[in-house]
Amino acid sequence: MAVAAASLTVFLALGQGLRVAVQEQTDSVRPQLQVSIGGLLAAAAPPPTLPDSILPQIEAQRAALHLKHVTPVLLSRQQFGRLSVTLFGIPAAAGFNRVYPYARVQTGRQLFPTDEGRAVAVVGSEVARQANVRPGETLALLPGRAVRVVGVLSPTHSLTDAFVILPLHSAQIALRVPHLISLAAVEVEEGVNVLDVAAALEERVPAEVYAQQQARQATARLLSSAKVVQWSLAGVALLVAFLSVLTTMSMAGHERQQEIGVLRAVGLSPRLVLYLMTLEGGLLAVTGGLVGIVIGWATGVMVSAVTVQRLGVPVAILTGVDALVVLGVSTLVGSLAALPVAWRLSRQSIVSALRAS
């Protein structure tokens, strides 16, 4: 029962952690449209394959399609020690807050327009912690490429904690990808239908245009599929637990037939026998469930510690509601497993119970 409850706890914590991470990431992005190449699944972190010559073509549609901002972005995943960081190149004049408006600098400063082309960076809190750098110090991120840290972002417990934000031209030089970007982040004016703008813009530029709403829907479908898999695996664990409790209660019932026969002989009613044996199975499941919740929570904490160290994001979050769900399901499974044994013992005659060896 403890193993099954621990498995269910871990599955629920992973599902909750993934949902929170995805929701925080999508909710923190201001632009409603993304122009990139590579399909919707690759749109989360497209490589620098989009020519920046597309930017004037998008800007030409500003008045016709009611576009507010067009911001080129360069993304690249890099391994920095045990942490997988994201190099985030953006024009210094635009500023990181144009894309992530809720990001705040904890120490130091943001990028200034005069930083364009210079080897400077604003780093996420997890990068600063693991690299042990502060504003004014040097960060050797790429071989032969060092940048001076000018600011550290406040912790957000999202992907931005593992960001290294560079001026766009500086990022292109560091990655040796001149005139290439990963995507163009497009913000539209208020009151405009974003999906209509996305469809119209895709007809006028040689790239793929995705609305933030479409990305959320695709992510929701993926998370729903993952949830089905999680509950399927949890169902297998609960089935094993059900059979284990059933076997345990069957053995206990067989060994206690004479005891129950004596209690029946002195006045214990069949209904009370049924209640007591079912309660015993439920208490057995509650104990196993509590132990399993503790084990599952500890496992989730260890998994999150690894992902925070490598990705900057915890992926296992156990809520009080999830813990109550695990405890309730465990109790229900234990009670149902004990019910057939309790029913059989309550219906057994006193004579046959006393004769049992």
# chains A, B, ... in the order shown; residues from 1 in each chain; ligands from 1

$ select_by_dssp --residues "region 126-225 of chain A" --states "alpha helix (DSSP H)" --output "MDAnalysis selection string"
chainID A and resid 126:131 168:175 194:204 212:225

$ residues_around --residues "Thr319 (chain A)" --least-positions-apart "4" --cutoff "9 Å" --atoms "only C-alpha atoms" --output "JSON, numbers by chain"
{"A": [12, 13, 16, 323, 324]}

$ closest_residue --among "A:Leu345, A:Val152, A:Leu318, A:Ala45" --to "Thr107 (chain A)" --atoms "only C-alpha atoms"
A:Val152

$ residues_around --residues "region 72-83 of chain A" --least-positions-apart "5" --cutoff "7 Å" --atoms "only C-alpha atoms" --output "mmCIF file with N, CA, C and O atoms, in the first residue's frame"
data_model
loop_
_atom_site.group_PDB
_atom_site.id
_atom_site.type_symbol
_atom_site.label_atom_id
_atom_site.label_comp_id
_atom_site.auth_asym_id
_atom_site.auth_seq_id
_atom_site.Cartn_x
_atom_site.Cartn_y
_atom_site.Cartn_z
ATOM 1 N N ALA A 45 11.457 26.404 -28.256
ATOM 2 C CA ALA A 45 12.850 26.857 -28.231
ATOM 3 C C ALA A 45 13.466 26.597 -29.593
ATOM 4 O O ALA A 45 14.320 25.720 -29.744
ATOM 5 N N PRO A 46 13.064 27.355 -30.614
ATOM 6 C CA PRO A 46 13.594 27.111 -31.963
ATOM 7 C C PRO A 46 15.063 27.505 -32.069
ATOM 8 O O PRO A 46 15.496 28.483 -31.438
ATOM 9 N N PRO A 47 15.851 26.781 -32.845
ATOM 10 C CA PRO A 47 17.260 27.138 -33.042
ATOM 11 C C PRO A 47 17.373 28.372 -33.931
ATOM 12 O O PRO A 47 16.405 28.759 -34.603
ATOM 13 N N PRO A 48 18.542 28.981 -33.968
ATOM 14 C CA PRO A 48 18.718 30.177 -34.815
ATOM 15 C C PRO A 48 18.824 29.809 -36.298
ATOM 16 O O PRO A 48 19.920 29.663 -36.845
ATOM 17 N N PHE A 88 19.790 33.827 -24.289
ATOM 18 C CA PHE A 88 18.631 34.577 -24.774
ATOM 19 C C PHE A 88 19.136 35.905 -25.312
ATOM 20 O O PHE A 88 19.466 36.813 -24.545
ATOM 21 N N GLY A 89 19.230 35.991 -26.650
ATOM 22 C CA GLY A 89 19.664 37.229 -27.271
ATOM 23 C C GLY A 89 18.494 38.086 -27.668
ATOM 24 O O GLY A 89 17.542 37.618 -28.300
ATOM 25 N N ILE A 90 18.542 39.373 -27.293
ATOM 26 C CA ILE A 90 17.460 40.308 -27.590
ATOM 27 C C ILE A 90 18.076 41.689 -27.776
ATOM 28 O O ILE A 90 19.086 42.011 -27.130
ATOM 29 N N LEU A 141 31.044 31.555 -20.306
ATOM 30 C CA LEU A 141 29.923 30.694 -20.676
ATOM 31 C C LEU A 141 30.263 29.769 -21.839
ATOM 32 O O LEU A 141 29.922 28.598 -21.841
ATOM 33 N N LEU A 168 21.432 41.207 -28.629
ATOM 34 C CA LEU A 168 21.255 40.326 -29.780
ATOM 35 C C LEU A 168 22.529 40.203 -30.615
ATOM 36 O O LEU A 168 22.950 39.089 -30.961
ATOM 37 N N ILE A 181 18.326 34.584 -36.477
ATOM 38 C CA ILE A 181 17.618 34.656 -35.202
ATOM 39 C C ILE A 181 16.800 33.380 -35.049
ATOM 40 O O ILE A 181 16.683 32.586 -35.988
ATOM 41 N N SER A 182 16.250 33.179 -33.872
ATOM 42 C CA SER A 182 15.401 32.010 -33.640
ATOM 43 C C SER A 182 13.942 32.302 -33.939
ATOM 44 O O SER A 182 13.222 31.458 -34.480
ATOM 45 N N LEU A 183 13.513 33.504 -33.572
ATOM 46 C CA LEU A 183 12.109 33.854 -33.761
ATOM 47 C C LEU A 183 11.938 35.364 -33.701
ATOM 48 O O LEU A 183 12.832 36.088 -33.246
ATOM 49 N N ALA A 184 10.794 35.782 -34.158
ATOM 50 C CA ALA A 184 10.380 37.170 -34.000
ATOM 51 C C ALA A 184 9.142 37.178 -33.114
ATOM 52 O O ALA A 184 8.124 36.557 -33.454
ATOM 53 N N ALA A 185 9.246 37.823 -31.965
ATOM 54 C CA ALA A 185 8.117 37.926 -31.040
ATOM 55 C C ALA A 185 7.299 39.156 -31.414
ATOM 56 O O ALA A 185 7.831 40.273 -31.458
ATOM 57 N N GLN A 309 18.799 22.025 -10.349
ATOM 58 C CA GLN A 309 20.230 22.126 -10.588
ATOM 59 C C GLN A 309 20.573 22.065 -12.062
ATOM 60 O O GLN A 309 21.525 22.707 -12.514
ATOM 61 N N ARG A 310 19.777 21.324 -12.847
ATOM 62 C CA ARG A 310 20.083 21.155 -14.267
ATOM 63 C C ARG A 310 19.282 22.079 -15.181
ATOM 64 O O ARG A 310 19.767 22.466 -16.234
ATOM 65 N N LEU A 311 18.034 22.397 -14.793
ATOM 66 C CA LEU A 311 17.167 23.202 -15.644
ATOM 67 C C LEU A 311 16.740 24.507 -15.011
ATOM 68 O O LEU A 311 16.237 25.395 -15.693
#

$ closest_residue --among "A:Val29, A:Leu354, A:Leu67, A:Val197" --to "Ile260 (chain A)" --atoms "only C-alpha atoms"
A:Leu354

$ select_by_dssp --residues "region 153-296 of chain A" --states "strand (DSSP E or B)" --output "list in words"
Leu153, Phe163, Val164, Ile165, Leu166, Pro167, Leu180, Ile181, Leu183, Ala184, Ala185, Val186, Glu187, Val188, Glu208, Val209, Tyr210 and Ala211 of chain A

$ atom_distance --atom1 "CA of Ala342 (chain A)" --atom2 "CA of Gly328 (chain A)"
20.3 Å

$ residues_around --residues "Glu59 (chain A)" --least-positions-apart "3" --cutoff "12 Å" --atoms "only C-alpha atoms" --output "list in words"
Asp52, Ser53, Ile54, Leu55, Pro56, Arg62, Ala63, Ala64, Leu65, His66, Leu67, Lys68, His69, Val70, Thr71, Pro72, Ala184, Ala185, Val186, Glu187, Val188, Leu201, Arg204 and Val205 of chain A

$ write_last_selection --atoms "N, CA, C and O atoms" --output "compact mmCIF listing (two decimals), in the first residue's frame"
# COMPACT_ATOMS: atom_id res chain seq x y z
N ASP A 52 17.37 37.18 -40.29
CA ASP A 52 16.82 38.41 -39.73
C ASP A 52 16.31 39.36 -40.81
O ASP A 52 15.75 40.41 -40.51
N SER A 53 16.50 38.97 -42.09
CA SER A 53 15.94 39.78 -43.18
C SER A 53 14.42 39.74 -43.19
O SER A 53 13.78 40.54 -43.89
N ILE A 54 13.83 38.82 -42.41
CA ILE A 54 12.37 38.74 -42.34
C ILE A 54 11.78 39.87 -41.51
O ILE A 54 10.59 40.19 -41.63
N LEU A 55 12.61 40.49 -40.68
CA LEU A 55 12.11 41.53 -39.78
C LEU A 55 11.52 42.72 -40.54
O LEU A 55 10.42 43.19 -40.19
N PRO A 56 12.19 43.25 -41.59
CA PRO A 56 11.56 44.34 -42.34
C PRO A 56 10.23 43.94 -42.98
O PRO A 56 9.31 44.76 -43.08
N ARG A 62 3.02 46.42 -40.05
CA ARG A 62 2.66 47.00 -38.76
C ARG A 62 1.32 47.73 -38.81
O ARG A 62 0.44 47.50 -37.98
N ALA A 63 1.16 48.62 -39.76
CA ALA A 63 -0.07 49.41 -39.82
C ALA A 63 -1.27 48.58 -40.27
O ALA A 63 -2.36 48.67 -39.69
N ALA A 64 -1.06 47.73 -41.27
CA ALA A 64 -2.18 46.97 -41.83
C ALA A 64 -2.73 45.95 -40.83
O ALA A 64 -3.95 45.73 -40.78
N LEU A 65 -1.84 45.33 -40.05
CA LEU A 65 -2.27 44.27 -39.13
C LEU A 65 -2.29 44.72 -37.67
O LEU A 65 -2.49 43.90 -36.78
N HIS A 66 -2.06 46.01 -37.43
CA HIS A 66 -2.11 46.58 -36.08
C HIS A 66 -1.08 45.90 -35.15
O HIS A 66 -1.41 45.46 -34.04
N LEU A 67 0.16 45.84 -35.62
CA LEU A 67 1.24 45.28 -34.81
C LEU A 67 1.82 46.37 -33.92
O LEU A 67 2.01 47.51 -34.36
N LYS A 68 2.12 46.03 -32.69
CA LYS A 68 2.65 47.01 -31.73
C LYS A 68 4.17 46.93 -31.63
O LYS A 68 4.85 47.94 -31.71
N HIS A 69 4.71 45.74 -31.44
CA HIS A 69 6.16 45.55 -31.34
C HIS A 69 6.56 44.30 -32.13
O HIS A 69 5.84 43.30 -32.13
N VAL A 70 7.71 44.36 -32.76
CA VAL A 70 8.32 43.21 -33.41
C VAL A 70 9.73 43.08 -32.85
O VAL A 70 10.57 43.95 -33.07
N THR A 71 9.97 42.01 -32.10
CA THR A 71 11.23 41.87 -31.37
C THR A 71 11.95 40.60 -31.81
O THR A 71 11.43 39.50 -31.61
N PRO A 72 13.14 40.73 -32.41
CA PRO A 72 13.91 39.53 -32.75
C PRO A 72 14.52 38.89 -31.50
O PRO A 72 14.96 39.59 -30.59
N ALA A 184 10.79 35.78 -34.16
CA ALA A 184 10.38 37.17 -34.00
C ALA A 184 9.14 37.18 -33.11
O ALA A 184 8.12 36.56 -33.45
N ALA A 185 9.25 37.82 -31.97
CA ALA A 185 8.12 37.93 -31.04
C ALA A 185 7.30 39.16 -31.41
O ALA A 185 7.83 40.27 -31.46
N VAL A 186 6.02 38.94 -31.69
CA VAL A 186 5.16 40.02 -32.20
C VAL A 186 4.05 40.30 -31.19
O VAL A 186 3.30 39.38 -30.81
N GLU A 187 3.96 41.54 -30.78
CA GLU A 187 2.87 41.98 -29.90
C GLU A 187 1.88 42.81 -30.71
O GLU A 187 2.29 43.72 -31.44
N VAL A 188 0.61 42.47 -30.61
CA VAL A 188 -0.42 43.19 -31.37
C VAL A 188 -1.11 44.19 -30.46
O VAL A 188 -1.04 44.12 -29.23
N LEU A 201 -0.72 37.32 -41.24
CA LEU A 201 0.73 37.51 -41.27
C LEU A 201 1.43 36.31 -41.90
O LEU A 201 2.42 36.46 -42.62
N ARG A 204 1.81 36.49 -45.55
CA ARG A 204 2.62 37.57 -46.10
C ARG A 204 4.11 37.43 -45.80
O ARG A 204 4.90 38.24 -46.30
N VAL A 205 4.50 36.46 -44.99
CA VAL A 205 5.93 36.28 -44.67
C VAL A 205 6.30 34.82 -44.91
O VAL A 205 5.46 33.92 -44.74

$ residues_around --residues "region 257-259 of chain A" --least-positions-apart "6" --cutoff "12 Å" --atoms "only C-alpha atoms" --output "list in words"
Met249, Ser250, Met251, Ala265, Val266, Leu268, Val273, Met277, Val341, Ala342, Arg344, Leu345, Ser346, Arg347, Gln348, Ser349, Ile350, Val351, Ser352, Ala353, Leu354, Arg355, Ala356 and Ser357 of chain A
